[in-house]
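Worksheet for the structure shown next.
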Amino acid sequence: MKPVYLSILQKETGTRIKTLLKEKGYTVKDIQEAMGFEYPQAIYKWLSGNSLPTLDNFVILSRILNTRIEDILVIDEDIVFYLL
């Protein structure tokens with residue numbers, strides 16, 4: 001099997017997280033409390049696209065938003081899959 005290359009678009013993923021939070025009626029404070037964060041800075045960094053949640057935080061976020069991690073992530077549209 002040949003390698004699969006993809007790129008997670010950080011800024012666009014942040015925008016998607018922001019959109020999903022708005023659609024579900026959650027605030028940054030709601031997410032902060034649900035994740036047990038003392039401060040909301042990490043969440044603001046996700047929303048601005050300056051960083052991505054860790055894998056465990058992606059799992060928690062997907063459960064809060066009742067969606068799959070794949071539906072939160074924005075992947076580069078120019079992905080070419082090389083399979084056998």
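Following the order of the structure tokens, chains are lettered A, B, ..., residues in each are numbered from 1, and ligands are numbered from 1.
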- Item | Who sits within 10 Å of range 45-56 of chain A, only C-alpha atoms, same chain under 3 positions skipped, as a PyMOL selection string | chain A and resi 8-19+21+28+40-42+59-62+69+73
Name the residues of range 5-71 of chain A that fall into helix (DSSP H, G or I) according to DSSP on the backbone, using the chain letters and numbers of this document, as a PDB file with N, CA, C and O atoms, in the first residue's frame.
ATOM      1  N   GLN A  10      -6.148  23.934   9.918  1.00  0.00           N
ATOM      2  CA  GLN A  10      -6.346  24.364  11.295  1.00  0.00           C
ATOM      3  C   GLN A  10      -7.343  25.522  11.411  1.00  0.00           C
ATOM      4  O   GLN A  10      -8.266  25.485  12.236  1.00  0.00           O
ATOM      5  N   LYS A  11      -7.160  26.559  10.609  1.00  0.00           N
ATOM      6  CA  LYS A  11      -8.024  27.728  10.688  1.00  0.00           C
ATOM      7  C   LYS A  11      -9.469  27.363  10.335  1.00  0.00           C
ATOM      8  O   LYS A  11     -10.414  27.768  11.023  1.00  0.00           O
ATOM      9  N   GLU A  12      -9.647  26.571   9.278  1.00  0.00           N
ATOM     10  CA  GLU A  12     -10.974  26.155   8.848  1.00  0.00           C
ATOM     11  C   GLU A  12     -11.634  25.229   9.872  1.00  0.00           C
ATOM     12  O   GLU A  12     -12.839  25.281  10.074  1.00  0.00           O
ATOM     13  N   THR A  13     -10.816  24.393  10.516  1.00  0.00           N
ATOM     14  CA  THR A  13     -11.352  23.530  11.574  1.00  0.00           C
ATOM     15  C   THR A  13     -11.847  24.385  12.733  1.00  0.00           C
ATOM     16  O   THR A  13     -12.907  24.118  13.297  1.00  0.00           O
ATOM     17  N   GLY A  14     -11.113  25.437  13.072  1.00  0.00           N
ATOM     18  CA  GLY A  14     -11.556  26.357  14.113  1.00  0.00           C
ATOM     19  C   GLY A  14     -12.886  27.008  13.765  1.00  0.00           C
ATOM     20  O   GLY A  14     -13.781  27.120  14.614  1.00  0.00           O
ATOM     21  N   THR A  15     -13.021  27.404  12.509  1.00  0.00           N
ATOM     22  CA  THR A  15     -14.285  27.990  12.050  1.00  0.00           C
ATOM     23  C   THR A  15     -15.416  26.977  12.145  1.00  0.00           C
ATOM     24  O   THR A  15     -16.529  27.310  12.560  1.00  0.00           O
ATOM     25  N   ARG A  16     -15.132  25.721  11.794  1.00  0.00           N
ATOM     26  CA  ARG A  16     -16.158  24.688  11.881  1.00  0.00           C
ATOM     27  C   ARG A  16     -16.566  24.438  13.335  1.00  0.00           C
ATOM     28  O   ARG A  16     -17.744  24.277  13.636  1.00  0.00           O
ATOM     29  N   ILE A  17     -15.596  24.411  14.243  1.00  0.00           N
ATOM     30  CA  ILE A  17     -15.917  24.232  15.662  1.00  0.00           C
ATOM     31  C   ILE A  17     -16.829  25.372  16.119  1.00  0.00           C
ATOM     32  O   ILE A  17     -17.846  25.148  16.786  1.00  0.00           O
ATOM     33  N   LYS A  18     -16.479  26.604  15.738  1.00  0.00           N
ATOM     34  CA  LYS A  18     -17.275  27.770  16.109  1.00  0.00           C
ATOM     35  C   LYS A  18     -18.708  27.642  15.574  1.00  0.00           C
ATOM     36  O   LYS A  18     -19.677  27.892  16.296  1.00  0.00           O
ATOM     37  N   THR A  19     -18.838  27.197  14.328  1.00  0.00           N
ATOM     38  CA  THR A  19     -20.153  27.020  13.709  1.00  0.00           C
ATOM     39  C   THR A  19     -20.962  25.943  14.434  1.00  0.00           C
ATOM     40  O   THR A  19     -22.150  26.138  14.721  1.00  0.00           O
ATOM     41  N   LEU A  20     -20.324  24.814  14.734  1.00  0.00           N
ATOM     42  CA  LEU A  20     -21.017  23.730  15.424  1.00  0.00           C
ATOM     43  C   LEU A  20     -21.472  24.144  16.818  1.00  0.00           C
ATOM     44  O   LEU A  20     -22.575  23.799  17.250  1.00  0.00           O
ATOM     45  N   LEU A  21     -20.634  24.894  17.522  1.00  0.00           N
ATOM     46  CA  LEU A  21     -21.020  25.377  18.848  1.00  0.00           C
ATOM     47  C   LEU A  21     -22.258  26.266  18.746  1.00  0.00           C
ATOM     48  O   LEU A  21     -23.198  26.130  19.534  1.00  0.00           O
ATOM     49  N   LYS A  22     -22.249  27.160  17.763  1.00  0.00           N
ATOM     50  CA  LYS A  22     -23.381  28.069  17.571  1.00  0.00           C
ATOM     51  C   LYS A  22     -24.650  27.293  17.214  1.00  0.00           C
ATOM     52  O   LYS A  22     -25.723  27.554  17.775  1.00  0.00           O
ATOM     53  N   GLU A  23     -24.528  26.315  16.301  1.00  0.00           N
ATOM     54  CA  GLU A  23     -25.680  25.510  15.893  1.00  0.00           C
ATOM     55  C   GLU A  23     -26.286  24.746  17.065  1.00  0.00           C
ATOM     56  O   GLU A  23     -27.503  24.580  17.147  1.00  0.00           O
ATOM     57  N   LYS A  24     -25.428  24.264  17.964  1.00  0.00           N
ATOM     58  CA  LYS A  24     -25.898  23.476  19.106  1.00  0.00           C
ATOM     59  C   LYS A  24     -26.266  24.345  20.310  1.00  0.00           C
ATOM     60  O   LYS A  24     -26.748  23.842  21.314  1.00  0.00           O
ATOM     61  N   VAL A  28     -18.546  29.250  24.763  1.00  0.00           N
ATOM     62  CA  VAL A  28     -17.197  28.858  25.167  1.00  0.00           C
ATOM     63  C   VAL A  28     -17.206  28.463  26.644  1.00  0.00           C
ATOM     64  O   VAL A  28     -16.578  27.476  27.037  1.00  0.00           O
ATOM     65  N   LYS A  29     -17.945  29.180  27.449  1.00  0.00           N
ATOM     66  CA  LYS A  29     -18.046  28.875  28.885  1.00  0.00           C
ATOM     67  C   LYS A  29     -18.628  27.480  29.104  1.00  0.00           C
ATOM     68  O   LYS A  29     -18.152  26.729  29.961  1.00  0.00           O
ATOM     69  N   ASP A  30     -19.645  27.099  28.301  1.00  0.00           N
ATOM     70  CA  ASP A  30     -20.224  25.754  28.405  1.00  0.00           C
ATOM     71  C   ASP A  30     -19.174  24.688  28.133  1.00  0.00           C
ATOM     72  O   ASP A  30     -19.071  23.698  28.866  1.00  0.00           O
ATOM     73  N   ILE A  31     -18.398  24.882  27.085  1.00  0.00           N
ATOM     74  CA  ILE A  31     -17.369  23.908  26.701  1.00  0.00           C
ATOM     75  C   ILE A  31     -16.266  23.882  27.758  1.00  0.00           C
ATOM     76  O   ILE A  31     -15.787  22.809  28.138  1.00  0.00           O
ATOM     77  N   GLN A  32     -15.884  25.045  28.233  1.00  0.00           N
ATOM     78  CA  GLN A  32     -14.866  25.133  29.285  1.00  0.00           C
ATOM     79  C   GLN A  32     -15.290  24.316  30.500  1.00  0.00           C
ATOM     80  O   GLN A  32     -14.503  23.523  31.030  1.00  0.00           O
ATOM     81  N   GLU A  33     -16.514  24.490  30.931  1.00  0.00           N
ATOM     82  CA  GLU A  33     -17.004  23.763  32.102  1.00  0.00           C
ATOM     83  C   GLU A  33     -17.114  22.267  31.839  1.00  0.00           C
ATOM     84  O   GLU A  33     -16.735  21.446  32.680  1.00  0.00           O
ATOM     85  N   ALA A  34     -17.612  21.902  30.658  1.00  0.00           N
ATOM     86  CA  ALA A  34     -17.779  20.481  30.326  1.00  0.00           C
ATOM     87  C   ALA A  34     -16.438  19.763  30.256  1.00  0.00           C
ATOM     88  O   ALA A  34     -16.346  18.575  30.590  1.00  0.00           O
ATOM     89  N   MET A  35     -15.397  20.471  29.835  1.00  0.00           N
ATOM     90  CA  MET A  35     -14.077  19.862  29.705  1.00  0.00           C
ATOM     91  C   MET A  35     -13.240  20.018  30.973  1.00  0.00           C
ATOM     92  O   MET A  35     -12.141  19.480  31.061  1.00  0.00           O
ATOM     93  N   GLN A  41      -8.811  29.908  27.460  1.00  0.00           N
ATOM     94  CA  GLN A  41      -7.861  30.278  26.414  1.00  0.00           C
ATOM     95  C   GLN A  41      -7.665  29.183  25.365  1.00  0.00           C
ATOM     96  O   GLN A  41      -7.565  29.476  24.171  1.00  0.00           O
ATOM     97  N   ALA A  42      -7.589  27.930  25.789  1.00  0.00           N
ATOM     98  CA  ALA A  42      -7.382  26.837  24.834  1.00  0.00           C
ATOM     99  C   ALA A  42      -8.520  26.787  23.823  1.00  0.00           C
ATOM    100  O   ALA A  42      -8.281  26.616  22.612  1.00  0.00           O
ATOM    101  N   ILE A  43      -9.733  26.978  24.283  1.00  0.00           N
ATOM    102  CA  ILE A  43     -10.892  26.928  23.390  1.00  0.00           C
ATOM    103  C   ILE A  43     -10.849  28.094  22.411  1.00  0.00           C
ATOM    104  O   ILE A  43     -11.118  27.922  21.214  1.00  0.00           O
ATOM    105  N   TYR A  44     -10.499  29.273  22.897  1.00  0.00           N
ATOM    106  CA  TYR A  44     -10.374  30.424  21.997  1.00  0.00           C
ATOM    107  C   TYR A  44      -9.294  30.189  20.938  1.00  0.00           C
ATOM    108  O   TYR A  44      -9.444  30.606  19.787  1.00  0.00           O
ATOM    109  N   LYS A  45      -8.218  29.506  21.307  1.00  0.00           N
ATOM    110  CA  LYS A  45      -7.168  29.174  20.338  1.00  0.00           C
ATOM    111  C   LYS A  45      -7.696  28.216  19.277  1.00  0.00           C
ATOM    112  O   LYS A  45      -7.342  28.321  18.101  1.00  0.00           O
ATOM    113  N   TRP A  46      -8.547  27.258  19.680  1.00  0.00           N
ATOM    114  CA  TRP A  46      -9.153  26.354  18.698  1.00  0.00           C
ATOM    115  C   TRP A  46     -10.027  27.140  17.731  1.00  0.00           C
ATOM    116  O   TRP A  46      -9.960  26.937  16.523  1.00  0.00           O
ATOM    117  N   LEU A  47     -10.863  28.017  18.286  1.00  0.00           N
ATOM    118  CA  LEU A  47     -11.816  28.765  17.466  1.00  0.00           C
ATOM    119  C   LEU A  47     -11.118  29.706  16.487  1.00  0.00           C
ATOM    120  O   LEU A  47     -11.619  29.924  15.384  1.00  0.00           O
ATOM    121  N   SER A  48      -9.975  30.252  16.890  1.00  0.00           N
ATOM    122  CA  SER A  48      -9.241  31.168  16.010  1.00  0.00           C
ATOM    123  C   SER A  48      -8.342  30.431  15.028  1.00  0.00           C
ATOM    124  O   SER A  48      -7.786  31.047  14.120  1.00  0.00           O
ATOM    125  N   LEU A  55      -6.164  14.928  20.870  1.00  0.00           N
ATOM    126  CA  LEU A  55      -7.057  13.842  20.460  1.00  0.00           C
ATOM    127  C   LEU A  55      -8.121  13.567  21.510  1.00  0.00           C
ATOM    128  O   LEU A  55      -9.306  13.426  21.182  1.00  0.00           O
ATOM    129  N   ASP A  56      -7.736  13.520  22.778  1.00  0.00           N
ATOM    130  CA  ASP A  56      -8.733  13.263  23.812  1.00  0.00           C
ATOM    131  C   ASP A  56      -9.758  14.391  23.900  1.00  0.00           C
ATOM    132  O   ASP A  56     -10.950  14.153  24.105  1.00  0.00           O
ATOM    133  N   ASN A  57      -9.324  15.636  23.681  1.00  0.00           N
ATOM    134  CA  ASN A  57     -10.275  16.742  23.676  1.00  0.00           C
ATOM    135  C   ASN A  57     -11.172  16.716  22.438  1.00  0.00           C
ATOM    136  O   ASN A  57     -12.330  17.124  22.505  1.00  0.00           O
ATOM    137  N   PHE A  58     -10.653  16.227  21.311  1.00  0.00           N
ATOM    138  CA  PHE A  58     -11.501  16.035  20.126  1.00  0.00           C
ATOM    139  C   PHE A  58     -12.608  15.021  20.428  1.00  0.00           C
ATOM    140  O   PHE A  58     -13.757  15.202  20.025  1.00  0.00           O
ATOM    141  N   VAL A  59     -12.259  13.955  21.127  1.00  0.00           N
ATOM    142  CA  VAL A  59     -13.250  12.932  21.475  1.00  0.00           C
ATOM    143  C   VAL A  59     -14.334  13.543  22.371  1.00  0.00           C
ATOM    144  O   VAL A  59     -15.533  13.369  22.121  1.00  0.00           O
ATOM    145  N   ILE A  60     -13.922  14.281  23.389  1.00  0.00           N
ATOM    146  CA  ILE A  60     -14.883  14.923  24.284  1.00  0.00           C
ATOM    147  C   ILE A  60     -15.753  15.911  23.514  1.00  0.00           C
ATOM    148  O   ILE A  60     -16.986  15.921  23.652  1.00  0.00           O
ATOM    149  N   LEU A  61     -15.123  16.731  22.680  1.00  0.00           N
ATOM    150  CA  LEU A  61     -15.855  17.720  21.888  1.00  0.00           C
ATOM    151  C   LEU A  61     -16.863  17.049  20.957  1.00  0.00           C
ATOM    152  O   LEU A  61     -18.000  17.508  20.833  1.00  0.00           O
ATOM    153  N   SER A  62     -16.466  15.956  20.337  1.00  0.00           N
ATOM    154  CA  SER A  62     -17.384  15.260  19.432  1.00  0.00           C
ATOM    155  C   SER A  62     -18.585  14.700  20.197  1.00  0.00           C
ATOM    156  O   SER A  62     -19.704  14.702  19.687  1.00  0.00           O
ATOM    157  N   ARG A  63     -18.366  14.267  21.411  1.00  0.00           N
ATOM    158  CA  ARG A  63     -19.485  13.758  22.235  1.00  0.00           C
ATOM    159  C   ARG A  63     -20.403  14.895  22.666  1.00  0.00           C
ATOM    160  O   ARG A  63     -21.621  14.755  22.639  1.00  0.00           O
ATOM    161  N   ILE A  64     -19.818  16.015  23.059  1.00  0.00           N
ATOM    162  CA  ILE A  64     -20.624  17.174  23.450  1.00  0.00           C
ATOM    163  C   ILE A  64     -21.479  17.643  22.275  1.00  0.00           C
ATOM    164  O   ILE A  64     -22.663  17.940  22.432  1.00  0.00           O
ATOM    165  N   ILE A  69     -15.663  12.997  15.007  1.00  0.00           N
ATOM    166  CA  ILE A  69     -14.466  13.831  14.882  1.00  0.00           C
ATOM    167  C   ILE A  69     -14.255  14.221  13.424  1.00  0.00           C
ATOM    168  O   ILE A  69     -13.897  15.351  13.119  1.00  0.00           O
ATOM    169  N   GLU A  70     -14.519  13.283  12.521  1.00  0.00           N
ATOM    170  CA  GLU A  70     -14.348  13.550  11.091  1.00  0.00           C
ATOM    171  C   GLU A  70     -15.240  14.684  10.609  1.00  0.00           C
ATOM    172  O   GLU A  70     -14.941  15.331   9.608  1.00  0.00           O
ATOM    173  N   ASP A  71     -16.352  14.914  11.310  1.00  0.00           N
ATOM    174  CA  ASP A  71     -17.253  15.996  10.935  1.00  0.00           C
ATOM    175  C   ASP A  71     -16.826  17.333  11.523  1.00  0.00           C
ATOM    176  O   ASP A  71     -17.354  18.371  11.149  1.00  0.00           O
TER     177      ASP A  71
END
- Message: Please compute the CA of Leu6 in chain A-CA of Ile72 in chain A distance, one decimal, in Å.
- Response: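 Between CA of Leu6 in chain A and CA of Ile72 in chain A the gap works out to 15.3 Å.
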- Message: Could you tell me how far CA of Gly25 in chain A sits from CA of Glu38 in chain A, in Å to one decimal place?
- Response: 21.2 Å
